[in-house]
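Participant: Supplied in structure tokens, the structure appears directly below.
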Amino acid sequence: MNQSLEEHVEGLTADIFRADQAYLLLREIGRHARQINERAFGAFFAPIQDALVRDYLLTVAKLYDSPHRGYPTRSIRVLIAIVKKSKGALKVAKSPALRNRFSRAGINVGNFDALPDARITDRLITWCESKLAPGTTVESMKVWRTWSALKFRRDKVIAHNEMLSSYATPNLQSQQVGELLELAKQIVDLVSIGYLNRFLTADDTSFFPTSDAQRSTACLKRLLANAGLIEQTHGRE
């Protein structure tokens, strides 16, 4: 069972890395849009931005896909379903770090060290479901609406060329997509620490793979500097 969890955690971590990488590149290009356009490189970067936007939205969208009856899929909801189904067999790697992350997330840590593993898992499942189940809390409704708006764009705009004149396109802001991504990081980190004893976040909540995703942004900065579009920076990126 731990092997199945490990495969899902590793796969979801790779998806989160991909989304982070796309977002960071988009942000960096946007920061230097004036210089890029002034030097007539806009026609080169525009299709790159379009591809990054699609990749970002598609990747975050599939992070929250529901389990499929016909074939296995990988998503946050599938991960939670695996934990819920296997709670009697899963061993919790109790540690101060897990307790701290439970507390940081707002999960009850009363009698944490004395609780049976299954009871700790129950608390984690309850918290996850409160974030994701539609209509249970104000926050879960916010997550559900954002996911629905993102799924609408994925299904009807990116994946398929549907005629949308009869549909009311739901509002979706970049900040909302970012919040979905941050929630995915938090859930994957909790499962990783709790059952695999692997740390994906630091005590300041920063997600370790995001640091790796910044490498491509550092390369972009060097490219823009070498092309004379921005000033050369020195030291560690």
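Identifiers in this document derive from the order of the structure tokens: chains are assigned A, B, ..., residues are numbered from 1 separately in each chain, and ligands are numbered from 1 in order of occurrence.
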So that I can check the surroundings of A:Leu183, please list as a ChimeraX atom specification every protein, DNA and RNA residue that reaches within 12 Å of it, counting only C-alpha atoms and ignoring chain neighbours fewer than 4 positions away.

Facilitator: /A:16,60,63-64,76,105,127-128,131-132,139-140,143,147,176-179,187-190,205,207

Participant: Compile the contact shell of stretch 65-71 of chain A as a list of chain:residue names: residues with an atom at most 12 Å away, counting only C-alpha atoms, same-chain residues fewer than 2 positions apart removed.

Facilitator: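 After dropping sequence-adjacent residues, the list is A:Leu12, A:Leu58, A:Thr59, A:Val60, A:Ala61, A:Lys62, A:Leu63, A:Thr73, A:Arg74, A:Ser75, A:Ile76, A:Arg77, A:Val78, A:Leu79, A:Ile80, A:Ala81, A:Ile82, A:Leu132, A:Ala133, A:Trp144, A:Trp147, A:Ser148, A:Leu150, A:Lys151, A:Arg154, A:Asp155, A:Ala184.
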
Participant: Residues near A:Ile230, anyone? I mean within 8 Å using only C-alpha atoms, not counting same-chain ones fewer than 2 positions away, as JSON, numbers by chain.

Facilitator: {"A": [32, 35, 221, 224, 225, 227, 228, 232]}

Participant: Looking at A:Val53, A:Glu231, A:Ser192, A:Phe199, which one is nearest to A:Gly11, with distances taken over only C-alpha atoms?

Facilitator: A:Ser192

Participant: Report as a ChimeraX atom specification: the residues of stretch 37-204 of chain A with a DSSP assignment of helix (DSSP H, G or I), based on the backbone of this structure.

Facilitator: /A:37-38,42-63,76-85,96-105,112-114,117-132,138-158,174-196
